[in-house]
Structures are given as structure tokens and as C-alpha cells.
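One structure below.
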Amino acid sequence: MNFQLTKEQEFVRKMVREFATNEVEPLAADIDKEHRFPEETVAKMAKYGMMGIPFPTEYGGAGGDEVSYAITVEELSRVCASTGVIVSAHTSLCCWPIYAYGTEEQKQKYLPDLLSGRKIGAFGLTEPNAGTDAAGQQTRAVLDGDEWVLDGAKVFITNGGYASTFVVMAMTDKKKGTHGGISSFIVEKGDPGFSIGKTEDKMGIHASSTTELIFQNCRIPKDRLLGEVGDGFKIALSTLDGGRIGIASQALGIAQGAFDVTVDYMKARKQFGKKLSQMEALQFEMADLKTRIEAARLLVYKAAFLEDQHAKYGEAAAMAKLFAAETAMKVTTKCVQFHGGYGYTADYPVERMMRDAKITEIYEGTSEVQKIVIAANTFGK
Amino acid sequence: MAFKIIVCAKQVPDTNVIKINPKTGTLIREGVPSILNNDDANALEEALKIKDKYPDTHITVITMGPPQANDLLFECIAMGADEGILVSDRAVGGSDTWATSNTLEAAVRKVGDFDLLWAGRQAIDGDTAQVGPQLAEKLGLPQVTYVEDFEIDDDLKNITVKRQLEDGYEVIKLQTPCMLTAIKELNEPRYMSMSGIFGEKKMTTWNAKDIEVDLNTVGLEASPTNVFRSFTPAPKGKGVILEGDTEKEIADELLVNLKEKQVI
């Protein structure tokens, strides 16, 4: 048992915290207000190797580990949850499945551009009638000679409007259903018949691009199949296991960020002749929140650590996401409360943080779905 | 032939969070994070910019300090330096600027061949700005301090710098090998990169014997500087704002106050 970060992990935190403070935090309120995807920040993150942290250098990655990746998403999300999820969706949901399931040719073709951040990645599973319940997939792919032909639509796709590479799930054999009937494909921006649909107007993470993907007689070469025919559901589930570590890190960062600004606020704000930080009732509440955040951190880092050890991490990732997301919601709600009326205005970041926190309980598997995963690991499927 | 740069850097306590013990007048170092000295980061950045343009360039960072100063070398290499050398030995502990520059001189001589020597103008803990110039003198190098702008010709020989003055700047041309000290106006230091953090680190530690320095010229004993007393200037007392309905009233109040204090 050793709770110490490695030297590399410590320096990752130092580097990303400096980067987030200087480059991300100053933009956070504005890009939220303007619903603007921060392309300039993504270019800077790419330059410093933040778009390919847990992948080997032979494909253009940084040669880092999952814990460092988790710390990076946490530190970015501490000041801007939208920036955090750009990295998370790109890394966990697009780069990872190509790295884990791609052929050598596919890895050579896609990973250098993705891991260097020259291109952004996205992942298409969710449909209007099929989220976690993947069996309801209506997007179909049919092999026609040397081409796969995709028809259908995906919704709520993170990075959708700015991505160049998409990992997309589609039904290839309805009769086989979820297991064996779904396959994964790599779709590129500009493929014939592929277009981006409407951009969602969301409660939070306004600077993250969330769009529809539309496939109308979209023809892609046969070699864009990712994994084997019928592997899609397995690929999607294992991808989401890792994605949950990213979202759990995002939630952890949101909680920590809201907590930190509230501590500062309480030290400055006076009511009834004393500072809020001197009021025991509020001190105790903050002590509880701090404890929860630390517990969430341990769960998140443990899940990432298990992945680094090539141990089973699906249940740990579900626990981390469940707990960290609920912590983010609880902490940000309390932090708005402790700011009083000011906390309800956009003049203070806790207002944005509370709106941003909510999504962490929903995407990449709702809290209820995490409980299904944990229960299945307890009682069997 | 690769262009060779040596950058001298120092690990210092982060002065943004530092406190001074009012009783002893010394720094409270406990819990204070150590950072790469600001001006030294500018010196390294300028070296890295040369390397960006001429990738053959080889950058060696030299620092002197306790073993934890390896963290500084880690950071410099993660920013893009090729290797780091830590000179660490109890014999050089407590050195003032003269003894420090003797140590660094020996270390630079041991590295051997180089084209350009960079350092920060001064360290935020000592604030003397003496080590760089002393080192240049001892190595017999031409030097320019307070460099706020730097250009090197493609021949990697002729250099033009702007040297900051209180009321303007000087433009100075010189040739390698030489020594320059950097100020914050020179550039904006880059962050560490992820590949730098996870990449291999060539870090070496040398002791006093390794650098073949005369032990009579280093360390506390050999340092001619003696600190007799250090103190924190007492904070200024709270001001008083006089109020009144008319200027005359306020002036009267002021006179009464000054008389009470027997100032007039």
C-alpha cells in the first residue's frame, strides 16, 4: 500500500495546475457565457502533450499513465469543466478504443494525429432511443462490396462539432442483438454522407461542443471496421469503463474547484460581525465536504491505478464515477449556498460549477447505471 | 558541431507563500514549496528558443544545492533541457556569492566545452545579482547582464542583446563564448511538456571532489560575507483619516493631532 504519487505524477499536477491557472481559468466564465469551444486552449494543450497522455510514444503519445491522465482532467476541471471533458472524451472515448482494438495500420494512421492533438476525437454510441441500452441502436451498417454503408443518427456527442475522427457504433446484425449484433467503425470528418447535426443548448459545460451525428448513405472503406464484426458492444462497454475514470476526474475537479473558491470567499465575507470562516456551523459543513472530496479522490485514483496495473477496473471506475459525480453535485450546491445571493449570479464561478456538475451524474452512464454495474459485480448479471 | 549552452539555475523558496519568523528574522522554510527561480526560467527559455530553431543545440542545466534540487533539474529537463547536473556537497553548504561562483566555476570547467552560458539576473531569495557576473569574471568570459532581448545570427557566433537600464536600454554586440543574465522581460517561460515529464532524464550529481574545487574557497567558512543581523521591517502603522465638514475644520483637527504628538 502506497498513497504517494510518483515524481512524474507530482510534476503533472504542477504543470497542469500552472497551465490551468494561466491559460484556462481566465477564459472559463467567458466561454461558458458565449457557448464557445476553446480552440485556442486545445491548440495549447496539444502543444504540451495533454491530448495523448496515457499512450506510448511510438504512436505519438506522452508515454504517461492513467493516474496522470486523471490528474490532468481533474486539474483542468478544477477551473473549467468544459475544458476537462474535451480532453476526457478525446482521450478515453476515441484514442483509447483505437489504441486498444485497432489494427496496426489503423493505429499508425489515426493515433499520431490524435495523440498530438492535431486532430480531435469523439465517440458515437448514444441515439435518441438508445443510450446505455445499446440494444435499441437504430444506426445500421451494411457491407456493400468494399464499403460499409452507415445510416442513422447519434445524439449528445461530445466534441462533435470539432472532431475529425469518430468511433461510431452501428447495428450490423439486428438478429444477434446487443452481443454480436453491433460493430464499431472509424468515421472521418468529410466522409461522404456524414454530417454534423444540431448543437445542443445545455444546462452546463457550455464550452463543450455537443452535437448530433447524421449518417445518410455514409460510405466508408471496409478497413474502417474497428475490431471484429460484432465486437461493437464489447468495445463500447470497455471504452466507457475508462471513460468513467475521465468523468469521475472531471467531477472531482469541479468539486475541488468549488470548494477552493468557497474557502477563499468564506475567509473574506463578513456577516453578523464575523467572517463566514469563523462560524462553526459552516466550518463543520466544509469539513464534511472536504472529507467527501478526498474520499472521491481516493476512489478515482484507485480506479486509474488499477487500469495502470492492467487489473480489472470496471467496477472501481463505476464506483469512482458514482461517488465523484454525486460529490460534485453536493459540493457545488453547498458552495452556492455559502455564497448566498452572490453564488446564484454569474459573477461568481460556483454558479457555473453547479450547472457543470450535474452532467457528471448523467453522461457516460447515469448514476443509476453505475449502480447497475456495481450490483452486477455483486449479485451477478 | 552542436551548439552547446549551459544554464545556471537555482531552486528557491516560493516567495509568494513565504513568511519570516519575526523573532529570529529568518525564513520559515517549513511547508514552503521550492520553485525554479524566476529569472533562471527566463534564461532557460531563451536557451530553449535557440534549441527550437537549431535542434542540434545541447542544453545542460547546472545547479548547486541539497539533493532535493534534483526536482529543479527534473523540471528543466521536462521543459526541454537535455541534461542536468547537481553539485551537492556539505562542503559547499552555506556559501555566499563568492564561494558559490567558485563552485559553479569548477562545475562549468568540468562540463568543459560550451558556447553560451546563461543565468538568471538574480535569485528571489538572495536578490544579490552577483553570482552570474562573478562566474563570468572567473571564467574569463565577456558578459552582459540584464538581457531583455536576445538575437543570435545563423552562424551561431554573433549575438546582439538589449541590456536593460533604469531609463532605457543599451544594444550590445558580442560573440560566443560569453555569459548572459536574463530578466523577466526577455521572454515568457514555457510549461513543462507531458513528453518531457515522462521522458528519460539525464541527471548527474557531482560532489566537491568530482569538480576538483579548492575546498578552501567554498562553503560557509570560506565565505567573506557575514550576515550580522537580518530583520523584517516593521509594518507601517495604520493611517488616520481626519473627517470634518469644512477644510478649516479638518485643518484644525490636524493641528490638534500634531500638537498632541508634539510634532509641532
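Ordered as shown in the C-alpha cells, chains take letters A, B, and onward, while each chain numbers its residues from 1 and ligands are numbered from 1 in the order shown.
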
So that I can check the surroundings of Arg29 (chain B), please list as a list in words every protein, DNA and RNA residue that reaches within 10 Å of it, counting only C-alpha atoms and ignoring chain neighbours fewer than 4 positions away.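 Near neighbours after the sequence-gap exclusion: Pro13, Asp14, Val17, Ile18, Lys19, Ile20, Asn21, Pro33 and Ser34 of chain B.
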
The selected residues should be written to file as a compact mmCIF listing (two decimals), in the first residue's frame (atoms: N, CA and C atoms).
# COMPACT_ATOMS: atom_id res chain seq x y z
N PRO B 13 12.86 29.15 -2.44
CA PRO B 13 11.52 29.06 -1.85
C PRO B 13 10.57 30.01 -2.58
N ASP B 14 9.33 29.58 -2.76
CA ASP B 14 8.35 30.40 -3.45
C ASP B 14 8.02 31.62 -2.58
N VAL B 17 4.55 32.59 -1.03
CA VAL B 17 3.94 31.97 0.13
C VAL B 17 4.86 32.01 1.36
N ILE B 18 5.99 32.71 1.23
CA ILE B 18 6.98 32.64 2.30
C ILE B 18 6.63 33.59 3.44
N LYS B 19 7.01 33.17 4.64
CA LYS B 19 6.84 34.06 5.80
C LYS B 19 8.17 34.13 6.53
N ILE B 20 8.34 35.22 7.27
CA ILE B 20 9.57 35.39 8.04
C ILE B 20 9.24 35.35 9.52
N ASN B 21 10.02 34.55 10.25
CA ASN B 21 9.84 34.48 11.69
C ASN B 21 10.22 35.83 12.30
N PRO B 33 6.82 25.64 -0.72
CA PRO B 33 7.25 24.90 -1.90
C PRO B 33 8.50 25.53 -2.53
N SER B 34 9.33 24.69 -3.11
CA SER B 34 10.51 25.18 -3.80
C SER B 34 10.20 25.31 -5.28

Region 34-254 of chain A: which residues are helix (DSSP H, G or I) by DSSP, as an MDAnalysis selection string? chainID A and resid 34 39:47 57:59 66:79 81:101 104:115 134:136 174:176 178:181 222:224 232:254

Using only C-alpha atoms, which residues sit within 12 Å of Asn22 (chain A) once same-chain residues fewer than 5 positions away are excluded, as a list of chain:residue names? A:Met15, A:Val16, A:Arg17, A:Leu27, A:Ala28, A:Thr41, A:Lys44, A:Leu76, A:Val79, B:Glu188, B:Arg190, B:Tyr191

Shell around Ala62 (chain A) at 7 Å using only C-alpha atoms, local window under 5 positions removed, as a list in words: Gly49, Gly52, Ile53, Pro54, Phe55, Pro56 and Thr57 of chain A; Met194, Ser195 and Phe198 of chain B

Just write the chosen residues, N, CA and C atoms, as a compact mmCIF listing (two decimals), in the first residue's frame.
# COMPACT_ATOMS: atom_id res chain seq x y z
N GLY A 49 1.35 18.32 -25.07
CA GLY A 49 1.23 16.86 -24.97
C GLY A 49 0.08 16.38 -24.11
N GLY A 52 -2.61 13.32 -25.42
CA GLY A 52 -2.27 11.91 -25.61
C GLY A 52 -1.46 11.36 -24.45
N ILE A 53 -1.89 11.67 -23.23
CA ILE A 53 -1.07 11.35 -22.05
C ILE A 53 -0.82 9.85 -21.85
N PRO A 54 -1.89 9.00 -21.76
CA PRO A 54 -1.60 7.62 -21.35
C PRO A 54 -1.33 6.66 -22.51
N PHE A 55 -0.61 7.12 -23.52
CA PHE A 55 -0.32 6.26 -24.67
C PHE A 55 1.18 6.27 -24.97
N PRO A 56 1.66 5.17 -25.56
CA PRO A 56 3.10 5.06 -25.80
C PRO A 56 3.62 6.09 -26.81
N THR A 57 4.87 6.42 -26.66
CA THR A 57 5.49 7.43 -27.54
C THR A 57 5.57 6.93 -28.98
N MET B 194 4.25 17.15 -21.38
CA MET B 194 3.98 15.80 -20.89
C MET B 194 5.08 14.83 -21.33
N SER B 195 5.51 14.96 -22.58
CA SER B 195 6.55 14.02 -23.03
C SER B 195 7.86 14.31 -22.29
N PHE B 198 7.51 12.61 -18.83
CA PHE B 198 7.60 11.14 -18.83
C PHE B 198 8.85 10.62 -19.54

Mind checking which residues fall within 8 Å of Ala141 (chain A), counting only C-alpha atoms, ignoring those fewer than 4 positions away in the same chain, and posting them as a short mmCIF file (atom, residue, chain, number, x, y, z; two decimals) with C-alpha atoms, in the first residue's frame?
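Wrote it out as part.cif, contents follow:
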data_model
loop_
_atom_site.label_atom_id
_atom_site.label_comp_id
_atom_site.auth_asym_id
_atom_site.auth_seq_id
_atom_site.Cartn_x
_atom_site.Cartn_y
_atom_site.Cartn_z
CA TRP A 148 -19.60 -0.18 -45.19
CA VAL A 149 -22.74 1.90 -45.60
CA LEU A 150 -23.97 3.64 -42.45
CA ASP A 151 -27.43 5.07 -41.93
CA ALA A 170 -23.81 0.68 -35.52
CA MET A 171 -26.01 -2.39 -35.76
CA THR A 172 -24.63 -4.88 -38.25
#

For chain A against chain B, which residues fall within 12 Å using only C-alpha atoms, given as a PyMOL selection string? chain A and resi 6-23+44-58+60-65+68-69+72+115-116

Show which residues sit within 6 Å of region 183-194 of chain A, as a VMD selection string. Count only C-alpha atoms, and ignore same-chain residues fewer than 5 positions away. chain A and resid 164 to 170 214 to 218 224 to 226 229 to 232

Name the residues of region 74-246 of chain B that come out as strand (DSSP E or B) in a backbone DSSP run; write them as a PyMOL selection string. chain B and resi 83-87+116-120+143-152+158-165+168-175+178-182+203-206

Residues just named, written with N, CA and C atoms as a tab-separated table (two decimals), in the first residue's frame:
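Written out: selection-v8.tsv:
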chain	number	residue	atom	x	y	z
B	83	GLU	N	20.16	17.80	-20.35
B	83	GLU	CA	20.64	17.13	-19.15
B	83	GLU	C	20.82	18.10	-18.00
B	84	GLY	N	20.93	17.52	-16.80
B	84	GLY	CA	21.08	18.35	-15.62
B	84	GLY	C	22.20	17.84	-14.74
B	85	ILE	N	22.89	18.79	-14.12
B	85	ILE	CA	23.96	18.43	-13.19
B	85	ILE	C	23.71	19.13	-11.87
B	86	LEU	N	23.68	18.33	-10.81
B	86	LEU	CA	23.53	18.90	-9.47
B	86	LEU	C	24.87	18.82	-8.76
B	87	VAL	N	25.34	19.96	-8.27
B	87	VAL	CA	26.54	19.96	-7.43
B	87	VAL	C	26.05	20.00	-6.00
B	116	LEU	N	27.74	29.09	-24.95
B	116	LEU	CA	26.97	30.17	-24.33
B	116	LEU	C	26.61	29.77	-22.91
B	117	LEU	N	26.76	30.72	-22.00
B	117	LEU	CA	26.43	30.47	-20.59
B	117	LEU	C	25.34	31.44	-20.19
B	118	TRP	N	24.23	30.90	-19.75
B	118	TRP	CA	23.10	31.72	-19.33
B	118	TRP	C	22.89	31.56	-17.82
B	119	ALA	N	22.44	32.62	-17.19
B	119	ALA	CA	21.94	32.54	-15.82
B	119	ALA	C	20.83	33.56	-15.68
B	120	GLY	N	20.05	33.44	-14.62
B	120	GLY	CA	19.09	34.50	-14.33
B	120	GLY	C	19.83	35.68	-13.74
B	143	GLN	N	30.67	39.37	-20.64
B	143	GLN	CA	29.33	39.19	-20.08
B	143	GLN	C	28.44	40.40	-20.31
B	144	VAL	N	27.15	40.11	-20.44
B	144	VAL	CA	26.16	41.18	-20.43
B	144	VAL	C	25.07	40.76	-19.45
B	145	THR	N	24.76	41.64	-18.52
B	145	THR	CA	23.71	41.36	-17.54
B	145	THR	C	22.41	42.06	-17.96
B	146	TYR	N	21.33	41.72	-17.30
B	146	TYR	CA	20.02	42.36	-17.53
B	146	TYR	C	19.60	42.28	-19.00
B	147	VAL	N	19.74	41.10	-19.59
B	147	VAL	CA	19.39	40.97	-21.01
B	147	VAL	C	17.86	40.91	-21.17
B	148	GLU	N	17.31	41.84	-21.94
B	148	GLU	CA	15.85	41.86	-22.15
B	148	GLU	C	15.48	41.47	-23.58
B	149	ASP	N	16.49	41.36	-24.44
B	149	ASP	CA	16.23	40.91	-25.81
B	149	ASP	C	17.49	40.25	-26.33
B	150	PHE	N	17.33	39.16	-27.06
B	150	PHE	CA	18.48	38.37	-27.49
B	150	PHE	C	18.30	37.91	-28.92
B	151	GLU	N	19.33	38.08	-29.71
B	151	GLU	CA	19.30	37.52	-31.06
B	151	GLU	C	20.66	36.92	-31.38
B	152	ILE	N	20.62	35.81	-32.08
B	152	ILE	CA	21.89	35.20	-32.49
B	152	ILE	C	21.83	34.95	-33.99
B	158	ASN	N	27.70	35.39	-33.69
B	158	ASN	CA	27.45	36.80	-33.39
B	158	ASN	C	26.10	37.00	-32.70
B	159	ILE	N	26.17	37.69	-31.58
B	159	ILE	CA	24.98	37.87	-30.75
B	159	ILE	C	24.70	39.37	-30.60
B	160	THR	N	23.44	39.73	-30.62
B	160	THR	CA	23.04	41.10	-30.33
B	160	THR	C	22.05	41.06	-29.17
B	161	VAL	N	22.33	41.81	-28.13
B	161	VAL	CA	21.40	41.81	-26.99
B	161	VAL	C	21.01	43.24	-26.63
B	162	LYS	N	19.87	43.35	-26.02
B	162	LYS	CA	19.47	44.61	-25.40
B	162	LYS	C	19.68	44.45	-23.91
B	163	ARG	N	20.36	45.40	-23.32
B	163	ARG	CA	20.60	45.35	-21.88
B	163	ARG	C	19.74	46.42	-21.22
B	164	GLN	N	18.92	45.98	-20.31
B	164	GLN	CA	18.01	46.92	-19.67
B	164	GLN	C	18.74	47.87	-18.73
B	165	LEU	N	18.40	49.15	-18.84
B	165	LEU	CA	18.90	50.16	-17.89
B	165	LEU	C	17.69	50.75	-17.19
B	168	GLY	N	16.21	53.15	-19.92
B	168	GLY	CA	16.29	52.84	-21.34
B	168	GLY	C	16.99	51.51	-21.54
B	169	TYR	N	17.74	51.38	-22.63
B	169	TYR	CA	18.48	50.14	-22.83
B	169	TYR	C	19.72	50.41	-23.67
B	170	GLU	N	20.66	49.48	-23.57
B	170	GLU	CA	21.84	49.51	-24.44
B	170	GLU	C	21.72	48.36	-25.43
B	171	VAL	N	22.18	48.57	-26.65
B	171	VAL	CA	22.29	47.46	-27.60
B	171	VAL	C	23.77	47.08	-27.65
B	172	ILE	N	24.03	45.83	-27.38
B	172	ILE	CA	25.42	45.37	-27.31
B	172	ILE	C	25.61	44.19	-28.25
B	173	LYS	N	26.68	44.23	-29.03
B	173	LYS	CA	27.01	43.10	-29.88
B	173	LYS	C	28.19	42.37	-29.26
B	174	LEU	N	28.13	41.07	-29.24
B	174	LEU	CA	29.26	40.30	-28.74
B	174	LEU	C	29.26	38.93	-29.41
B	175	GLN	N	30.32	38.19	-29.12
B	175	GLN	CA	30.47	36.89	-29.77
B	175	GLN	C	30.55	35.78	-28.74
B	178	CYS	N	30.32	33.48	-24.38
B	178	CYS	CA	30.06	34.61	-23.49
B	178	CYS	C	29.03	34.21	-22.44
B	179	MET	N	28.84	35.11	-21.51
B	179	MET	CA	27.85	34.85	-20.45
B	179	MET	C	26.80	35.95	-20.44
B	180	LEU	N	25.53	35.54	-20.32
B	180	LEU	CA	24.43	36.50	-20.31
B	180	LEU	C	23.54	36.22	-19.10
B	181	THR	N	23.00	37.28	-18.50
B	181	THR	CA	22.00	37.04	-17.45
B	181	THR	C	20.66	37.61	-17.87
B	182	ALA	N	19.62	36.83	-17.60
B	182	ALA	CA	18.28	37.10	-18.13
B	182	ALA	C	17.40	37.80	-17.10
B	203	MET	N	20.35	12.95	-15.45
B	203	MET	CA	20.67	13.79	-14.30
B	203	MET	C	21.88	13.22	-13.57
B	204	THR	N	22.85	14.07	-13.30
B	204	THR	CA	24.09	13.64	-12.66
B	204	THR	C	24.31	14.46	-11.39
B	205	THR	N	24.81	13.82	-10.36
B	205	THR	CA	25.18	14.58	-9.16
B	205	THR	C	26.70	14.53	-8.99
B	206	TRP	N	27.28	15.70	-8.78
B	206	TRP	CA	28.71	15.80	-8.53
B	206	TRP	C	28.93	16.32	-7.12

Selection near Asn159 (chain A), 9 Å with only C-alpha atoms, sequence-local residues under 6 positions removed, as number ranges by chain: A: 37, 85-86, 89-90, 120-123, 208-211

Please indicate the distance in Å from CA of Asp30 (chain A) to CA of Gln337 (chain A), rounded to one decimal place. 22.9 Å

Kindly give the distance, in Å, that separates CA of Lys275 (chain A) and CA of Arg297 (chain A), rounded to a single decimal.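 Separation between CA of Lys275 (chain A) and CA of Arg297 (chain A): 29.0 Å.
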